[in-house]
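Shown here: my_file_15.txt, compact mmCIF, C-alpha atoms and all ligand atoms.
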# COMPACT_ATOMS: atom_id res chain seq x y z
CA MET F 28 -102.46 -45.06 287.41
CA SER F 29 -105.97 -43.75 286.67
CA ASN F 30 -109.07 -45.71 287.66
CA SER F 31 -109.85 -46.60 284.06
CA GLU F 32 -106.28 -47.85 283.48
CA LYS F 33 -106.53 -49.97 286.64
CA HIS F 34 -109.84 -51.39 285.44
CA GLU F 35 -108.36 -52.22 282.01
CA GLN F 36 -105.35 -53.94 283.60
CA SER F 37 -107.49 -56.08 285.89
CA GLN F 38 -109.82 -56.95 283.01
CA SER F 39 -106.93 -58.11 280.84
CA LYS F 40 -105.46 -60.19 283.71
CA ALA F 41 -108.88 -61.82 284.27
CA THR F 42 -109.16 -62.65 280.56
CA GLU F 43 -105.62 -64.07 280.38
CA SER F 44 -106.15 -66.27 283.43
CA ALA F 45 -109.44 -67.58 281.95
CA ILE F 46 -108.08 -68.42 278.50
CA HIS F 47 -107.17 -72.06 277.99
CA CYS F 48 -104.50 -72.49 275.33
CA ASP F 49 -103.33 -76.11 275.47
CA PHE F 50 -105.57 -78.25 273.25
CA SER F 51 -103.09 -81.07 272.69
CA LYS F 52 -105.29 -83.38 274.79
CA GLU F 53 -108.64 -81.63 274.69
CA MET F 54 -111.32 -80.94 272.15
CA SER F 55 -111.14 -77.42 270.72
CA TYR F 56 -113.78 -75.30 268.98
CA GLY F 57 -112.56 -76.41 265.55
CA ASP F 58 -112.51 -80.08 266.58
CA TYR F 59 -116.07 -79.96 267.90
CA LEU F 60 -117.41 -78.28 264.76
CA GLN F 61 -115.21 -80.35 262.42
CA LEU F 62 -114.14 -77.13 260.78
CA ASP F 63 -111.29 -78.89 259.00
CA LYS F 64 -113.94 -80.65 256.86
CA VAL F 65 -116.31 -77.71 256.57
CA LEU F 66 -113.69 -75.11 255.66
CA SER F 67 -111.78 -77.28 253.22
CA SER F 68 -114.84 -77.86 251.04
CA GLN F 69 -114.79 -74.62 249.05
CA GLN F 70 -112.89 -75.55 245.88
CA ARG F 71 -113.22 -72.91 243.17
CA LEU F 72 -113.02 -74.91 239.94
CA SER F 73 -112.48 -71.80 237.82
CA GLY F 74 -110.20 -70.05 240.30
CA HIS F 75 -112.39 -66.95 239.72
CA HIS F 76 -112.74 -64.64 242.75
CA ASP F 77 -116.58 -64.60 242.71
CA GLU F 78 -116.95 -68.37 242.55
CA MET F 79 -116.27 -68.35 246.32
CA LEU F 80 -119.53 -66.44 246.95
CA PHE F 81 -121.40 -68.86 244.69
CA ILE F 82 -120.08 -71.94 246.53
CA ILE F 83 -120.57 -70.56 250.04
CA ILE F 84 -124.12 -69.36 249.43
CA HIS F 85 -125.10 -72.83 248.23
CA GLN F 86 -123.31 -74.61 251.06
CA ALA F 87 -124.77 -72.28 253.71
CA SER F 88 -128.24 -72.85 252.20
CA GLU F 89 -127.74 -76.62 252.35
CA LEU F 90 -126.72 -76.38 256.03
CA TRP F 91 -129.87 -74.40 256.84
CA MET F 92 -131.91 -76.96 254.86
CA LYS F 93 -130.40 -79.67 257.04
CA LEU F 94 -131.69 -77.89 260.13
CA ILE F 95 -135.12 -77.33 258.51
CA LEU F 96 -135.40 -81.09 257.90
CA HIS F 97 -134.27 -81.86 261.45
CA GLU F 98 -137.01 -79.58 262.84
CA LEU F 99 -139.74 -80.68 260.42
CA GLU F 100 -139.16 -84.37 261.11
CA ALA F 101 -139.43 -83.85 264.86
CA ALA F 102 -142.47 -81.57 264.48
CA ARG F 103 -144.27 -84.10 262.27
CA LEU F 104 -143.75 -86.84 264.87
CA LEU F 105 -145.11 -84.63 267.65
CA ILE F 106 -148.16 -83.73 265.56
CA GLN F 107 -148.73 -87.43 264.81
CA GLN F 108 -148.65 -88.01 268.58
CA ASN F 109 -151.21 -85.21 269.00
CA ASN F 110 -148.65 -83.26 271.06
CA LEU F 111 -148.99 -79.93 269.28
CA GLU F 112 -147.48 -77.38 271.69
CA PRO F 113 -143.81 -78.49 271.44
CA ALA F 114 -144.16 -78.76 267.66
CA PHE F 115 -145.02 -75.04 267.46
CA LYS F 116 -141.58 -74.01 268.65
CA MET F 117 -139.95 -76.15 265.95
CA LEU F 118 -142.20 -74.79 263.23
CA ALA F 119 -141.48 -71.23 264.38
CA ARG F 120 -137.76 -72.01 264.10
CA VAL F 121 -138.27 -73.29 260.55
CA SER F 122 -139.88 -69.95 259.60
CA ARG F 123 -136.92 -68.02 261.01
CA ILE F 124 -134.47 -70.19 259.07
CA GLN F 125 -136.49 -69.58 255.92
CA GLN F 126 -136.13 -65.86 256.62
CA GLN F 127 -132.35 -66.34 256.65
CA LEU F 128 -132.54 -68.16 253.33
CA ILE F 129 -134.65 -65.38 251.83
CA GLN F 130 -132.10 -62.81 253.04
CA SER F 131 -129.31 -64.72 251.34
CA TRP F 132 -130.61 -63.63 247.90
CA ASP F 133 -129.56 -60.12 248.86
CA VAL F 134 -125.94 -61.27 249.15
CA LEU F 135 -126.13 -63.21 245.89
CA SER F 136 -127.51 -60.20 244.03
CA THR F 137 -124.03 -58.62 244.34
CA LEU F 138 -122.93 -61.17 241.71
CA THR F 139 -123.17 -59.47 238.32
CA PRO F 140 -124.03 -61.30 235.06
CA ALA F 141 -120.49 -60.70 233.76
CA GLU F 142 -118.92 -62.17 236.90
CA TYR F 143 -121.17 -65.24 236.82
CA MET F 144 -120.41 -65.87 233.12
CA GLU F 145 -116.71 -66.04 234.01
CA PHE F 146 -117.18 -69.30 235.90
CA ARG F 147 -120.57 -70.66 234.76
CA ASN F 148 -118.94 -73.23 232.45
CA SER F 149 -117.15 -74.78 235.44
CA LEU F 150 -120.52 -75.86 236.87
CA GLY F 151 -121.19 -78.25 233.97
CA ARG F 152 -124.74 -79.66 234.27
CA SER F 153 -124.89 -79.19 238.04
CA SER F 154 -127.82 -77.13 239.34
CA GLY F 155 -129.89 -76.48 242.46
CA PHE F 156 -132.49 -78.58 240.67
CA GLN F 157 -130.52 -81.59 241.91
CA SER F 158 -130.55 -80.41 245.56
CA PHE F 159 -131.51 -83.56 247.43
CA GLN F 160 -132.37 -81.76 250.66
CA ASN F 161 -134.60 -79.31 248.81
CA ARG F 162 -136.61 -82.27 247.45
CA LEU F 163 -136.78 -83.86 250.91
CA ILE F 164 -138.19 -80.60 252.30
CA GLU F 165 -140.76 -80.45 249.50
CA PHE F 166 -141.78 -84.06 250.12
CA MET F 167 -141.95 -83.46 253.85
CA LEU F 168 -144.28 -80.49 253.28
CA GLY F 169 -146.46 -82.52 250.90
CA GLY F 170 -145.13 -81.59 247.44
CA LYS F 171 -144.71 -85.16 246.19
CA GLN F 172 -143.53 -85.87 242.65
CA THR F 173 -142.37 -89.42 241.93
CA LYS F 174 -140.58 -88.39 238.73
CA LEU F 175 -138.04 -86.35 240.74
CA LEU F 176 -136.52 -89.56 242.08
CA THR F 177 -134.92 -90.30 238.72
CA VAL F 178 -132.28 -87.59 239.39
CA TYR F 179 -130.84 -89.80 242.17
CA GLU F 180 -130.80 -93.15 240.39
CA HIS F 181 -127.00 -93.11 240.34
CA GLN F 182 -126.93 -92.52 244.15
CA PRO F 183 -128.79 -95.52 245.69
CA GLU F 184 -128.64 -94.22 249.28
CA LEU F 185 -130.19 -90.86 248.40
CA HIS F 186 -132.69 -92.54 246.11
CA GLN F 187 -133.77 -94.87 248.90
CA GLN F 188 -134.08 -92.04 251.43
CA LEU F 189 -136.16 -89.91 249.07
CA SER F 190 -138.32 -92.86 248.10
CA GLN F 191 -138.99 -93.54 251.79
CA SER F 192 -139.98 -89.90 252.30
CA LEU F 193 -142.26 -90.10 249.26
CA HIS F 194 -144.20 -92.95 250.87
CA GLU F 195 -144.53 -91.35 254.31
CA PRO F 196 -147.31 -88.99 255.41
CA SER F 197 -146.21 -85.38 255.03
CA LEU F 198 -146.36 -82.70 257.72
CA TYR F 199 -149.70 -81.62 256.23
CA ASP F 200 -151.05 -85.19 256.26
CA ALA F 201 -150.14 -85.28 259.97
CA ALA F 202 -151.99 -81.98 260.53
CA ILE F 203 -155.09 -83.40 258.81
CA MET F 204 -154.94 -86.42 261.13
CA ALA F 205 -154.79 -84.00 264.07
CA LEU F 206 -158.06 -82.43 262.82
CA SER F 207 -159.70 -85.84 262.78
CA LEU F 208 -158.39 -86.71 266.26
CA ARG F 209 -160.19 -83.60 267.54
CA GLY F 210 -163.46 -84.92 266.18
CA LEU F 211 -163.57 -82.84 263.01
CA GLU F 212 -164.90 -84.78 260.08
CA VAL F 213 -162.43 -85.58 257.31
CA ASP F 214 -163.02 -87.98 254.39
CA LYS F 215 -161.57 -91.38 255.31
CA GLN F 216 -159.41 -91.59 252.20
CA TYR F 217 -157.53 -88.50 253.45
CA LEU F 218 -156.57 -90.26 256.67
CA LYS F 219 -155.24 -93.38 255.02
CA ARG F 220 -154.22 -92.95 251.43
CA ASP F 221 -151.28 -93.65 249.16
CA TRP F 222 -149.01 -90.95 250.62
CA SER F 223 -146.77 -91.00 247.56
CA GLN F 224 -149.53 -89.40 245.49
CA GLU F 225 -149.65 -85.67 245.00
CA TYR F 226 -151.99 -83.99 247.52
CA LYS F 227 -155.26 -82.74 246.02
CA GLU F 228 -157.44 -80.12 247.67
CA ASN F 229 -160.41 -81.66 249.45
CA ALA F 230 -163.77 -80.21 250.53
CA SER F 231 -163.95 -82.08 253.87
CA VAL F 232 -160.44 -80.91 254.85
CA LYS F 233 -161.39 -77.35 253.96
CA ALA F 234 -164.62 -77.58 255.97
CA ALA F 235 -162.69 -78.89 259.00
CA TRP F 236 -160.16 -76.03 258.85
CA LEU F 237 -163.04 -73.57 258.38
CA THR F 238 -164.60 -74.83 261.61
CA VAL F 239 -161.27 -74.23 263.36
CA TYR F 240 -161.00 -70.67 262.03
CA GLN F 241 -164.63 -69.92 262.92
CA ASP F 242 -164.22 -71.05 266.53
CA VAL F 243 -160.64 -70.21 267.40
CA GLU F 244 -161.21 -70.26 271.15
CA ARG F 245 -162.34 -73.85 271.08
CA TYR F 246 -159.68 -74.98 268.61
CA TRP F 247 -156.86 -72.59 269.54
CA ASP F 248 -154.06 -75.15 269.16
CA LEU F 249 -155.25 -76.28 265.71
CA TYR F 250 -155.64 -72.64 264.71
CA GLU F 251 -152.07 -71.97 265.83
CA LEU F 252 -150.88 -75.03 263.91
CA ALA F 253 -152.62 -73.82 260.76
CA GLU F 254 -151.09 -70.34 261.01
CA LYS F 255 -147.62 -71.80 261.57
CA LEU F 256 -148.09 -73.89 258.42
CA VAL F 257 -149.19 -70.84 256.45
CA ASP F 258 -146.05 -68.99 257.67
CA ILE F 259 -143.91 -71.82 256.28
CA ASP F 260 -145.83 -72.04 253.00
CA SER F 261 -145.68 -68.33 252.41
CA ARG F 262 -141.94 -68.10 253.18
CA GLN F 263 -141.24 -71.05 250.88
CA GLN F 264 -143.01 -69.14 248.14
CA GLN F 265 -141.11 -65.92 248.93
CA TRP F 266 -137.83 -67.86 248.71
CA ARG F 267 -138.81 -69.20 245.28
CA PHE F 268 -139.91 -65.78 244.08
CA ASN F 269 -136.65 -64.13 245.19
CA HIS F 270 -134.66 -66.97 243.61
CA MET F 271 -136.48 -66.40 240.33
CA VAL F 272 -135.89 -62.63 240.38
CA THR F 273 -132.22 -63.01 241.36
CA VAL F 274 -131.70 -65.60 238.62
CA GLU F 275 -133.28 -63.30 236.02
CA ARG F 276 -131.01 -60.51 237.20
CA ILE F 277 -127.95 -62.73 236.72
CA ILE F 278 -128.71 -64.87 233.63
CA GLY F 279 -131.73 -63.20 232.03
CA PHE F 280 -133.69 -65.79 230.04
CA LYS F 281 -130.80 -68.15 229.29
CA PRO F 282 -131.54 -71.85 229.92
CA GLY F 283 -130.41 -73.27 233.29
CA THR F 284 -127.32 -75.43 233.82
CA GLY F 285 -129.72 -78.20 234.94
CA GLY F 286 -131.37 -78.23 231.52
CA SER F 287 -134.62 -76.35 232.22
CA ALA F 288 -135.86 -73.27 230.40
CA GLY F 289 -134.38 -71.23 233.28
CA VAL F 290 -136.46 -68.29 234.53
CA GLU F 291 -139.56 -69.52 232.66
CA TYR F 292 -139.33 -72.77 234.66
CA LEU F 293 -138.74 -70.91 237.93
CA LYS F 294 -141.77 -68.67 237.26
CA HIS F 295 -143.86 -71.80 236.91
CA VAL F 296 -142.71 -73.28 240.27
CA VAL F 297 -143.29 -70.00 242.14
CA ALA F 298 -147.02 -70.79 242.04
CA GLN F 299 -146.50 -74.00 244.08
CA ARG F 300 -148.20 -74.14 247.50
CA TYR F 301 -148.39 -77.07 249.90
CA PHE F 302 -151.45 -76.43 252.08
CA PRO F 303 -154.19 -75.44 249.60
CA GLU F 304 -157.18 -75.45 251.97
CA LEU F 305 -155.41 -73.11 254.39
CA TRP F 306 -155.30 -70.54 251.59
CA SER F 307 -158.68 -71.12 249.97
CA LEU F 308 -160.62 -71.00 253.27
CA ARG F 309 -159.73 -67.32 253.68
CA THR F 310 -162.15 -66.30 250.97
CA ASP F 311 -164.96 -68.15 252.76
CA LEU F 312 -164.45 -66.64 256.21
C1 LIG E 1 -126.18 -67.47 240.27
C2 LIG E 1 -126.99 -68.10 241.09
C3 LIG E 1 -128.07 -69.02 240.63
C4 LIG E 1 -128.57 -69.24 239.39
C5 LIG E 1 -128.18 -68.57 238.06
C6 LIG E 1 -129.58 -70.26 239.52
C7 LIG E 1 -130.34 -70.75 238.48
C8 LIG E 1 -131.27 -71.75 238.57
C9 LIG E 1 -132.04 -72.26 237.47
C10 LIG E 1 -132.00 -71.73 236.04
C11 LIG E 1 -132.81 -73.26 237.95
C12 LIG E 1 -133.77 -74.16 237.14
C13 LIG E 1 -133.14 -75.51 236.91
C14 LIG E 1 -132.03 -75.47 235.88
O1 LIG E 1 -132.30 -75.55 234.69
O2 LIG E 1 -130.86 -75.36 236.29
C15 LIG E 1 -132.53 -73.38 239.37
C16 LIG E 1 -133.15 -74.28 240.21
C17 LIG E 1 -132.92 -74.35 241.56
N1 LIG E 1 -132.01 -73.62 242.28
FE1 LIG E 1 -130.91 -72.09 241.59
N2 LIG E 1 -129.70 -70.62 240.85
C18 LIG E 1 -128.79 -69.90 241.56
C19 LIG E 1 -128.58 -69.97 242.91
C20 LIG E 1 -129.19 -70.86 243.77
C21 LIG E 1 -128.93 -70.94 245.17
C22 LIG E 1 -127.98 -70.07 245.99
C23 LIG E 1 -129.69 -71.94 245.66
C24 LIG E 1 -129.71 -72.40 247.07
C25 LIG E 1 -129.62 -73.66 247.42
C26 LIG E 1 -130.44 -72.49 244.56
C27 LIG E 1 -131.33 -73.54 244.64
C28 LIG E 1 -132.09 -73.99 243.58
C29 LIG E 1 -133.10 -75.01 243.73
C30 LIG E 1 -133.51 -75.72 245.00
C31 LIG E 1 -133.63 -75.22 242.46
C32 LIG E 1 -134.78 -76.19 242.09
C33 LIG E 1 -136.08 -75.42 242.03
C34 LIG E 1 -137.27 -76.32 241.69
O3 LIG E 1 -137.13 -77.25 240.87
O4 LIG E 1 -138.35 -76.08 242.24
N3 LIG E 1 -130.12 -71.78 243.44
N4 LIG E 1 -131.61 -72.45 239.71
Could you render the structure from this file as structure tokens?
Ligand code: HEM
Amino acid sequence: MSNSEKHEQSQSKATESAIHCDFSKEMSYGDYLQLDKVLSSQQRLSGHHDEMLFIIIHQASELWMKLILHELEAARLLIQQNNLEPAFKMLARVSRIQQQLIQSWDVLSTLTPAEYMEFRNSLGRSSGFQSFQNRLIEFMLGGKQTKLLTVYEHQPELHQQLSQSLHEPSLYDAAIMALSLRGLEVDKQYLKRDWSQEYKENASVKAAWLTVYQDVERYWDLYELAEKLVDIDSRQQQWRFNHMVTVERIIGFKPGTGGSAGVEYLKHVVAQRYFPELWSLRTDL
């Protein structure tokens, strides 16, 4: 027997002896991940081949959104406690997840208009517009719109959760409080306001961020926080832009299943940004 054959034989024996096969009394991979639930949730209503891609891309996106929310909630708490360093790692993770979500449009663009039209009727009035987690992320970042709650009136638990998020300070509100804790002057009404109201750009907040950007050595942690927020804002916008382009590629200018004007509506929301002063200050530097 050659040396390489001997090596292969010993490798395969080592693998066999390490493999555990009896899971009658132990938790297996599938048990731990509850794959029975996850993998039995892809029901193609039309039976069309390409509907599988459509379902999985939405479900995978919702799973990533769940992780984004998990990270953002923890990061907001840390920022509120003025413990910025550990929050940075979470915010960096959010940006990487967003990158995954942006990449997913590439997969979806393999769906042609003709293929989509084969099963579009099966969706009824359902649309990403009703994505609860997407609204929670928007609220968490500071994009508050009370009227969006009406979509969940028939689901009291979701409605309650979203309403709670509406009334809490956003991640950006927490960052503004961190500026104030470091002695930077911010108008009082921006430290204690009705959090459910849409955020409006403010001169004192902009001046405080400008101070940070003009003296990065002194305010390094706040500077890092600001840049992490800009990463998130810019990726959110890239996601929306790629969604809009992919949708135009698939449905042209047809109205959406959710009842909007379709691409015209999506073009309008592409402009949305959550941290206005962090963008406008760049012109003044
Ligand atoms: C063939 C694929 C898709 C088409 C044709 C499509 C189309 C649309 C349209 C037309 C809207 C506007 C609302 C409406 O009238 O329905 C919308 C909203 C939305 N879609 Fe999609 N979409 C697609 C895939 C996805 C995927 C994979 C996701 C990932 C979760 C997604 C998430 C969203 C979200 C979150 C909104 C709300 C945007 C906002 O209001 O700011 N969509 N989509």
Taking all atoms listed in the file into account, report as a ChimeraX atom specification which residues have an atom no farther than 7 Å from an atom of ligand LIG 1 (chain E). /F:81,84-85,88-89,135,143,154-158,161,270,274,277-278,282-290,292-293,296
Just to be explicit: take each residue in the selection above, keep C-alpha atoms, and write the result as a compact mmCIF listing (two decimals), in the coordinates of the input.
# COMPACT_ATOMS: atom_id res chain seq x y z
CA PHE F 81 -121.40 -68.86 244.69
CA ILE F 84 -124.12 -69.36 249.43
CA HIS F 85 -125.10 -72.83 248.23
CA SER F 88 -128.24 -72.85 252.20
CA GLU F 89 -127.74 -76.62 252.35
CA LEU F 135 -126.13 -63.21 245.89
CA TYR F 143 -121.17 -65.24 236.82
CA SER F 154 -127.82 -77.13 239.34
CA GLY F 155 -129.89 -76.48 242.46
CA PHE F 156 -132.49 -78.58 240.67
CA GLN F 157 -130.52 -81.59 241.91
CA SER F 158 -130.55 -80.41 245.56
CA ASN F 161 -134.60 -79.31 248.81
CA HIS F 270 -134.66 -66.97 243.61
CA VAL F 274 -131.70 -65.60 238.62
CA ILE F 277 -127.95 -62.73 236.72
CA ILE F 278 -128.71 -64.87 233.63
CA PRO F 282 -131.54 -71.85 229.92
CA GLY F 283 -130.41 -73.27 233.29
CA THR F 284 -127.32 -75.43 233.82
CA GLY F 285 -129.72 -78.20 234.94
CA GLY F 286 -131.37 -78.23 231.52
CA SER F 287 -134.62 -76.35 232.22
CA ALA F 288 -135.86 -73.27 230.40
CA GLY F 289 -134.38 -71.23 233.28
CA VAL F 290 -136.46 -68.29 234.53
CA TYR F 292 -139.33 -72.77 234.66
CA LEU F 293 -138.74 -70.91 237.93
CA VAL F 296 -142.71 -73.28 240.27
Work out how far apart atom CA of Gln224 of chain F and atom CA of Pro303 of chain F are and give it in Å to one decimal.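 According to the coordinates, atom CA of Gln224 of chain F and atom CA of Pro303 of chain F are separated by 15.3 Å.
Minimum atom-to-atom distance to Glu254 of chain F, evaluated using only C-alpha atoms, belongs to F:Ser122 out of F:Lys294, F:Ser122, F:Phe146, F:Leu208.
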Pairwise distance, atom CA of Ser207 of chain F with atom CA of Pro113 of chain F, equals 19.5 Å
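Using all atoms listed in the file, every residue with an atom at most 12 Å from the point (-148.1, -85.9, 268.1) is listed here: Glu100, Ala101, Ala102, Arg103, Leu104, Leu105, Ile106, Gln107, Gln108, Asn109, Asn110, Leu111, Glu112, Pro113, Ala114, Phe115, Leu198, Ala201, Ala202, Ile203, Met204, Ala205, Leu206, Leu208 and Leu252 of chain F.
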F:Arg300, F:Arg276, F:Arg220, F:Arg309: which is nearest Leu237 of chain F, counting all atoms listed in the file?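 The shortest atom-to-atom distance to Leu237 of chain F comes from F:Arg309.
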So that I can check the surroundings of Ala234 of chain F, please list as a PDB file with C-alpha atoms, in the coordinates of the input every protein, DNA and RNA residue that reaches within 10 Å of it, counting all atoms listed in the file and ignoring chain neighbours fewer than 3 positions away.
ATOM      1  CA  LEU F 211    -163.570 -82.840 263.010  1.00  0.00           C
ATOM      2  CA  GLU F 212    -164.900 -84.780 260.080  1.00  0.00           C
ATOM      3  CA  VAL F 213    -162.430 -85.580 257.310  1.00  0.00           C
ATOM      4  CA  ASN F 229    -160.410 -81.660 249.450  1.00  0.00           C
ATOM      5  CA  ALA F 230    -163.770 -80.210 250.530  1.00  0.00           C
ATOM      6  CA  SER F 231    -163.950 -82.080 253.870  1.00  0.00           C
ATOM      7  CA  LEU F 237    -163.040 -73.570 258.380  1.00  0.00           C
ATOM      8  CA  THR F 238    -164.600 -74.830 261.610  1.00  0.00           C
ATOM      9  CA  VAL F 239    -161.270 -74.230 263.360  1.00  0.00           C
ATOM     10  CA  TYR F 240    -161.000 -70.670 262.030  1.00  0.00           C
ATOM     11  CA  GLU F 304    -157.180 -75.450 251.970  1.00  0.00           C
ATOM     12  CA  LEU F 308    -160.620 -71.000 253.270  1.00  0.00           C
ATOM     13  CA  ASP F 311    -164.960 -68.150 252.760  1.00  0.00           C
TER      14      ASP F 311
END
Taking into account only C-alpha atoms, which residue in the set F:Asp221, F:Asp248, F:Glu53, F:Glu180 is nearest to Glu195 of chain F?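 Closest to Glu195 of chain F, using only C-alpha atoms: F:Asp221.
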Which is closer to Ser197 of chain F than all the others in F:Leu312, F:Met271, F:Leu99, F:Ile129, using all atoms listed in the file?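 Checking each candidate against Ser197 of chain F, we get F:Leu99 as the closest.
Comparing the minimum interatomic distances between Tyr199 of chain F and each of F:Leu138, F:Tyr301, F:Glu98, F:Leu163, counting all atoms listed in the file, we find that F:Tyr301 sits nearest.
Of the listed residues (F:Ser68, F:Gln191, F:Asn269, F:Gln263), F:Gln263 comes nearest to Arg123 of chain F; the distances count only C-alpha atoms.
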List the spatial neighbours of Ile83 of chain F as an MDAnalysis selection string - criterion: any atom at most 12 Å away, all atoms listed in the file, same-chain residues fewer than 6 positions off excluded. chainID F and resid 65:71 77 89:90 131 134:135
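Pairwise distance (atom CA of Ser73 of chain F, atom CA of Gln182 of chain F) equals 26.0 Å.
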Quick one: residues within 8 Å of Tyr226 of chain F, only C-alpha atoms counted, chain neighbours fewer than 6 positions away excluded, as an mmCIF file with C-alpha atoms, in the coordinates of the input?
data_model
loop_
_atom_site.group_PDB
_atom_site.id
_atom_site.type_symbol
_atom_site.label_atom_id
_atom_site.label_comp_id
_atom_site.auth_asym_id
_atom_site.auth_seq_id
_atom_site.Cartn_x
_atom_site.Cartn_y
_atom_site.Cartn_z
ATOM 1 C CA GLY F 169 -146.460 -82.520 250.900
ATOM 2 C CA GLY F 170 -145.130 -81.590 247.440
ATOM 3 C CA LYS F 171 -144.710 -85.160 246.190
#
